[in-house]
Structure formats: structure tokens, C-alpha cells
>>> print(open('run_15.txt').read())   # compact mmCIF, C-alpha atoms and all ligand atoms
# COMPACT_ATOMS: atom_id res chain seq x y z
CA MET N 1 20.18 -28.27 17.20
CA SER N 2 18.80 -27.08 20.50
CA LYS N 3 17.63 -29.64 22.99
CA VAL N 4 14.29 -29.34 24.73
CA ILE N 5 14.75 -28.69 28.42
CA GLU N 6 11.63 -29.33 30.48
CA ASN N 7 13.01 -27.66 33.58
CA SER N 8 16.30 -25.84 33.25
CA SER N 9 16.85 -25.69 37.01
CA CYS N 10 16.75 -29.49 37.20
CA PHE N 11 19.94 -31.37 36.37
CA TYR N 12 18.02 -34.48 35.28
CA CYS N 13 16.29 -32.35 32.63
CA GLU N 14 19.33 -30.27 31.80
CA LYS N 15 21.66 -33.30 31.41
CA GLY N 16 24.77 -31.16 31.77
CA MET N 17 27.95 -31.17 33.81
CA GLU N 18 26.16 -31.18 37.16
CA LEU N 19 24.58 -34.51 36.27
CA GLU N 20 27.82 -35.86 34.81
CA ASN N 21 29.69 -34.99 38.00
CA LEU N 22 27.31 -37.12 40.03
CA MET N 23 26.44 -40.05 37.81
CA ILE N 24 26.98 -41.90 34.54
CA GLU N 25 24.17 -42.81 32.17
CA ALA N 26 24.10 -46.59 31.77
CA ALA N 27 20.88 -47.37 29.91
CA LYS N 28 17.55 -46.13 28.64
CA LEU N 29 14.69 -48.12 30.11
CA GLN N 30 10.98 -48.09 29.20
CA VAL N 31 10.06 -44.77 30.83
CA SER N 32 13.22 -43.95 32.73
CA THR N 33 16.98 -43.74 32.54
CA LEU N 34 19.45 -45.77 34.57
CA TYR N 35 22.40 -43.89 36.04
CA VAL N 36 25.33 -45.31 37.98
CA ASN N 37 26.22 -43.12 40.97
CA LYS N 38 29.81 -41.97 40.98
CA ASP N 39 29.76 -42.40 44.75
CA GLN N 40 30.09 -46.16 45.11
CA THR N 41 30.19 -46.36 48.92
CA HIS N 42 27.61 -49.08 48.31
CA LYS N 43 28.87 -51.08 45.36
CA GLY N 44 26.36 -51.00 42.51
CA ARG N 45 24.50 -47.94 43.76
CA CYS N 46 22.43 -46.38 41.00
CA ILE N 47 19.45 -44.21 40.18
CA VAL N 48 16.39 -44.81 38.02
CA ALA N 49 15.11 -41.40 36.92
CA PHE N 50 11.74 -40.93 35.24
CA ASN N 51 12.20 -39.44 31.77
CA ARG N 52 9.78 -36.53 32.26
CA HIS N 53 9.95 -33.87 34.95
CA VAL N 54 7.33 -34.86 37.49
CA LYS N 55 7.62 -34.44 41.23
CA GLU N 56 5.42 -37.11 42.69
CA LEU N 57 4.37 -40.67 41.90
CA PHE N 58 0.69 -39.67 41.82
CA GLN N 59 1.42 -37.43 38.84
CA LEU N 60 2.06 -40.50 36.70
CA ASP N 61 -0.84 -42.14 34.94
CA GLU N 62 -1.53 -45.79 35.69
CA LYS N 63 0.52 -47.06 32.76
CA GLU N 64 3.54 -44.84 33.50
CA LEU N 65 3.43 -45.87 37.15
CA HIS N 66 3.39 -49.52 36.16
CA LEU N 67 6.23 -49.12 33.65
CA PHE N 68 8.31 -47.07 36.10
CA PHE N 69 8.09 -49.82 38.71
CA GLU N 70 8.84 -52.43 36.05
CA ASP N 71 12.00 -50.47 35.21
CA VAL N 72 12.95 -50.24 38.89
CA SER N 73 12.25 -53.92 39.40
CA LYS N 74 14.33 -54.92 36.40
CA VAL N 75 17.31 -52.93 37.68
CA ALA N 76 16.80 -54.35 41.18
CA LYS N 77 17.00 -57.90 39.82
CA LEU N 78 20.09 -57.01 37.85
CA LEU N 79 21.79 -55.49 40.92
CA ASN N 80 20.87 -58.55 42.95
CA ASP N 81 22.29 -60.90 40.29
CA VAL N 82 25.48 -58.93 39.64
CA PHE N 83 26.44 -57.63 43.09
CA ARG N 84 24.80 -60.17 45.43
CA PRO N 85 23.96 -57.67 48.19
CA GLY N 86 22.41 -58.74 51.48
CA LYS N 87 19.47 -56.44 50.69
CA LEU N 88 18.57 -53.74 48.25
CA ASN N 89 17.39 -50.43 49.65
CA TYR N 90 15.10 -48.10 47.70
CA GLY N 91 14.68 -44.39 48.25
CA ILE N 92 12.69 -41.58 46.68
CA TYR N 93 13.68 -38.29 48.33
CA GLY N 94 13.84 -35.29 46.03
CA ASP N 95 13.60 -32.44 48.56
CA LEU N 96 16.30 -30.55 46.68
CA VAL N 97 16.05 -32.18 43.25
CA SER N 98 12.35 -32.81 42.83
CA HIS N 99 12.52 -34.69 39.48
CA LEU N 100 11.11 -38.16 40.19
CA HIS N 101 14.00 -40.57 40.70
CA MET N 102 14.57 -43.64 42.80
CA HIS N 103 17.84 -44.51 44.50
CA LEU N 104 18.68 -48.21 44.37
CA VAL N 105 21.29 -48.97 46.99
CA PRO N 106 22.75 -52.46 47.43
CA LYS N 107 23.53 -53.02 51.12
CA TYR N 108 26.01 -55.58 52.35
CA GLU N 109 26.06 -57.30 55.72
CA LYS N 110 28.83 -56.16 58.07
CA SER N 111 29.35 -53.19 55.78
CA SER N 112 28.54 -49.49 55.75
CA GLU N 113 25.07 -48.60 57.08
CA TRP N 114 23.79 -52.19 57.25
CA GLY N 115 20.61 -52.12 59.30
CA GLU N 116 20.22 -48.38 58.85
CA ALA N 117 18.91 -46.00 56.22
CA PHE N 118 21.56 -45.17 53.64
CA ILE N 119 22.91 -41.64 53.66
CA ASN N 120 22.08 -39.88 50.41
CA SER N 121 25.35 -37.98 50.22
CA PRO N 122 27.96 -39.64 52.43
CA THR N 123 31.31 -38.11 53.37
CA PRO N 124 33.79 -39.14 52.33
CA LYS N 125 32.46 -40.38 49.04
CA HIS N 126 33.94 -43.49 47.48
CA PHE N 127 34.98 -42.76 43.90
CA LEU N 128 36.34 -45.30 41.43
CA SER N 129 38.66 -45.11 38.45
CA ASP N 130 37.12 -44.48 35.02
CA MET N 131 37.91 -48.09 34.16
CA ASP N 132 36.00 -49.37 37.18
CA TYR N 133 32.97 -47.22 36.31
CA GLU N 134 33.09 -48.55 32.76
CA GLU N 135 33.16 -52.09 34.14
CA ILE N 136 30.07 -51.45 36.29
CA VAL N 137 28.23 -49.82 33.37
CA ARG N 138 29.19 -52.73 31.11
CA MET N 139 27.97 -55.29 33.68
CA MET N 140 24.67 -53.43 34.04
CA GLN N 141 24.15 -53.18 30.29
CA ALA N 142 24.92 -56.88 29.89
CA GLY N 143 22.53 -57.75 32.72
CA LEU N 144 19.73 -55.76 31.10
CA GLN N 145 20.03 -57.85 27.93
CA ASP N 146 18.94 -60.98 29.81
ZN ZN C 1 13.68 -32.53 35.75
>>> encode(input="run_15.txt", output="C-alpha cells", more="lines below")
Ligand SMILES: [Zn+2]
Amino acid sequence: MSKVIENSSCFYCEKGMELENLMIEAAKLQVSTLYVNKDQTHKGRCIVAFNRHVKELFQLDEKELHLFFEDVSKVAKLLNDVFRPGKLNYGIYGDLVSHLHMHLVPKYEKSSEWGEAFINSPTPKHFLSDMDYEEIVRMMQAGLQD
């Protein structure tokens, strides 16, 4: 069975190794998919990616826009409940990967980049063990049940 690829040059559409190297799918939301970033410099960092390949928010119709922000908001509450950050940061960049996605980055006082914009691709990256990723994914999935 061949899968439908909306944009084969986009790793969110392609859903192949490039995506898997960067993030782990944690849940399907209303109009988007929740991914946990493998780089966990900021504990709980994740991405909410819209399910269709669109570049800009204004390309969503009113209902999609509403549901996308509901998805983002639900994940934000979950991150706040589970990880207790000082503040959540939100970022939509997409210069290089234009598929609409929002970075949700828990920031912690007296920790990396507090009071500053988070770096999209920090060096060095902070990777976890497979078990620790599974634990984060499990916590997120449990939190989404509430
Ligand atoms: Zn795409």
C-alpha cells in the first residue's frame, strides 16, 4: 500500500527517517500531531504539527485555525501540569521546513536560555535514553486523557 505524500520534500509529510531522527510521535490531536523533540535541552520540548502541508496560519480556514490553537493549548496545559516550567515558549519558524508547526518549549528559571528566545537547534543537543523518551511520551499520552 503506498502512502499519500502531500509534499515529498517535507519531512512532516514524508514521515520517514529524517523525522524519526528529530522527534517521536506521541499523539494524534484534532487537526495536528504531537511530537516529542529528541533534543530535550528544555525538558518536555515538543512540536505540534498541522496534519496538512500548509505554510502559513492564514491558509487555514476559521475552523482549522480554531482547532489548531485548541490542540496547541491542550498540549501547553499538559506540559505545564507535567513539567511545571517557569514559562512556556511558543515558536512558529519554518524558514527551512515550511510545513506549519509550532514549537512548545518549557523554560525553567535559572536554566538554559531563561529570559531569552530559545535556540531552535542548540549545540550540543541533549539526548535521552530510549527509556526516558518512552517515559515522556507515556506522560504526555496520559495527560491528554484528562
Ligand atoms: Zn509537509
>>> residues_near_ligand(input="run_15.txt", ligand="ligand ZN 1 (chain C)", cutoff="8 Å", atoms="only C-alpha atoms and all ligand atoms", output="PyMOL selection string")
chain N and resi 6-14+52-54+97-100
>>> closest_residue(input="run_15.txt", among="N:Val105, N:Val137, N:Ala49, N:Ala142", to="Lys15 (chain N)", atoms="all atoms listed in the file")
N:Ala49
>>> atom_distance(input="run_15.txt", atom1="CA of Leu144 (chain N)", atom2="CA of Leu78 (chain N)")
6.9 Å
>>> closest_residue(input="run_15.txt", among="N:His101, N:Lys107, N:Arg45, N:His126", to="Thr33 (chain N)", atoms="only C-alpha atoms")
N:His101
>>> residues_around(input="run_15.txt", residues="Val36 (chain N)", least_positions_apart="2", cutoff="6 Å", atoms="only C-alpha atoms", output="compact mmCIF listing (two decimals) with C-alpha atoms, keeping the file's coordinate frame")
# COMPACT_ATOMS: atom_id res chain seq x y z
CA MET N 23 26.44 -40.05 37.81
CA ILE N 24 26.98 -41.90 34.54
CA CYS N 46 22.43 -46.38 41.00
>>> residues_around(input="run_15.txt", residues="Glu134 (chain N)", least_positions_apart="5", cutoff="10 Å", atoms="all atoms listed in the file", output="MDAnalysis selection string")
chainID N and resid 24 26 36 128:129 139:140
>>> residues_around(input="run_15.txt", residues="Pro124 (chain N)", least_positions_apart="4", cutoff="12 Å", atoms="only C-alpha atoms", output="ChimeraX atom specification")
/N:39-41,119-120
>>> atom_distance(input="run_15.txt", atom1="CA of Ala117 (chain N)", atom2="CA of Lys87 (chain N)")
11.8 Å
>>> closest_residue(input="run_15.txt", among="N:Glu64, N:Asp71, N:Asp81, N:Glu56", to="Asp95 (chain N)", atoms="only C-alpha atoms")
N:Glu56
>>> residues_around(input="run_15.txt", residues="Ser111 (chain N)", least_positions_apart="4", cutoff="12 Å", atoms="only C-alpha atoms", output="ChimeraX atom specification")
/N:41-43,85-87,106-107,115-116,118
>>> write_last_selection(input="run_15.txt", atoms="C-alpha atoms", output="PDB file, in the frame of the given file")
ATOM      1  CA  THR N  41      30.190 -46.360  48.920  1.00  0.00           C
ATOM      2  CA  HIS N  42      27.610 -49.080  48.310  1.00  0.00           C
ATOM      3  CA  LYS N  43      28.870 -51.080  45.360  1.00  0.00           C
ATOM      4  CA  PRO N  85      23.960 -57.670  48.190  1.00  0.00           C
ATOM      5  CA  GLY N  86      22.410 -58.740  51.480  1.00  0.00           C
ATOM      6  CA  LYS N  87      19.470 -56.440  50.690  1.00  0.00           C
ATOM      7  CA  PRO N 106      22.750 -52.460  47.430  1.00  0.00           C
ATOM      8  CA  LYS N 107      23.530 -53.020  51.120  1.00  0.00           C
ATOM      9  CA  GLY N 115      20.610 -52.120  59.300  1.00  0.00           C
ATOM     10  CA  GLU N 116      20.220 -48.380  58.850  1.00  0.00           C
ATOM     11  CA  PHE N 118      21.560 -45.170  53.640  1.00  0.00           C
TER      12      PHE N 118
END
>>> atom_distance(input="run_15.txt", atom1="CA of Gly91 (chain N)", atom2="CA of Ile47 (chain N)")
9.4 Å
>>> closest_residue(input="run_15.txt", among="N:Thr123, N:His66, N:Met102, N:Tyr108", to="Tyr35 (chain N)", atoms="all atoms listed in the file")
N:Met102
>>> closest_residue(input="run_15.txt", among="N:His103, N:Lys63, N:Arg84, N:Lys38", to="Tyr133 (chain N)", atoms="all atoms listed in the file")
N:Lys38
>>> closest_residue(input="run_15.txt", among="N:Leu22, N:Ala27, N:Ile136, N:Leu67", to="Ser121 (chain N)", atoms="only C-alpha atoms")
N:Leu22
>>> residues_around(input="run_15.txt", residues="Val31 (chain N)", least_positions_apart="2", cutoff="7 Å", atoms="only C-alpha atoms", output="list of chain:residue names")
N:Leu29, N:Phe50, N:Asn51, N:Leu67, N:Phe68
>>> write_last_selection(input="run_15.txt", atoms="C-alpha atoms", output="mmCIF file, keeping the file's coordinate frame")
data_model
loop_
_atom_site.group_PDB
_atom_site.id
_atom_site.type_symbol
_atom_site.label_atom_id
_atom_site.label_comp_id
_atom_site.auth_asym_id
_atom_site.auth_seq_id
_atom_site.Cartn_x
_atom_site.Cartn_y
_atom_site.Cartn_z
ATOM 1 C CA LEU N 29 14.690 -48.120 30.110
ATOM 2 C CA PHE N 50 11.740 -40.930 35.240
ATOM 3 C CA ASN N 51 12.200 -39.440 31.770
ATOM 4 C CA LEU N 67 6.230 -49.120 33.650
ATOM 5 C CA PHE N 68 8.310 -47.070 36.100
#
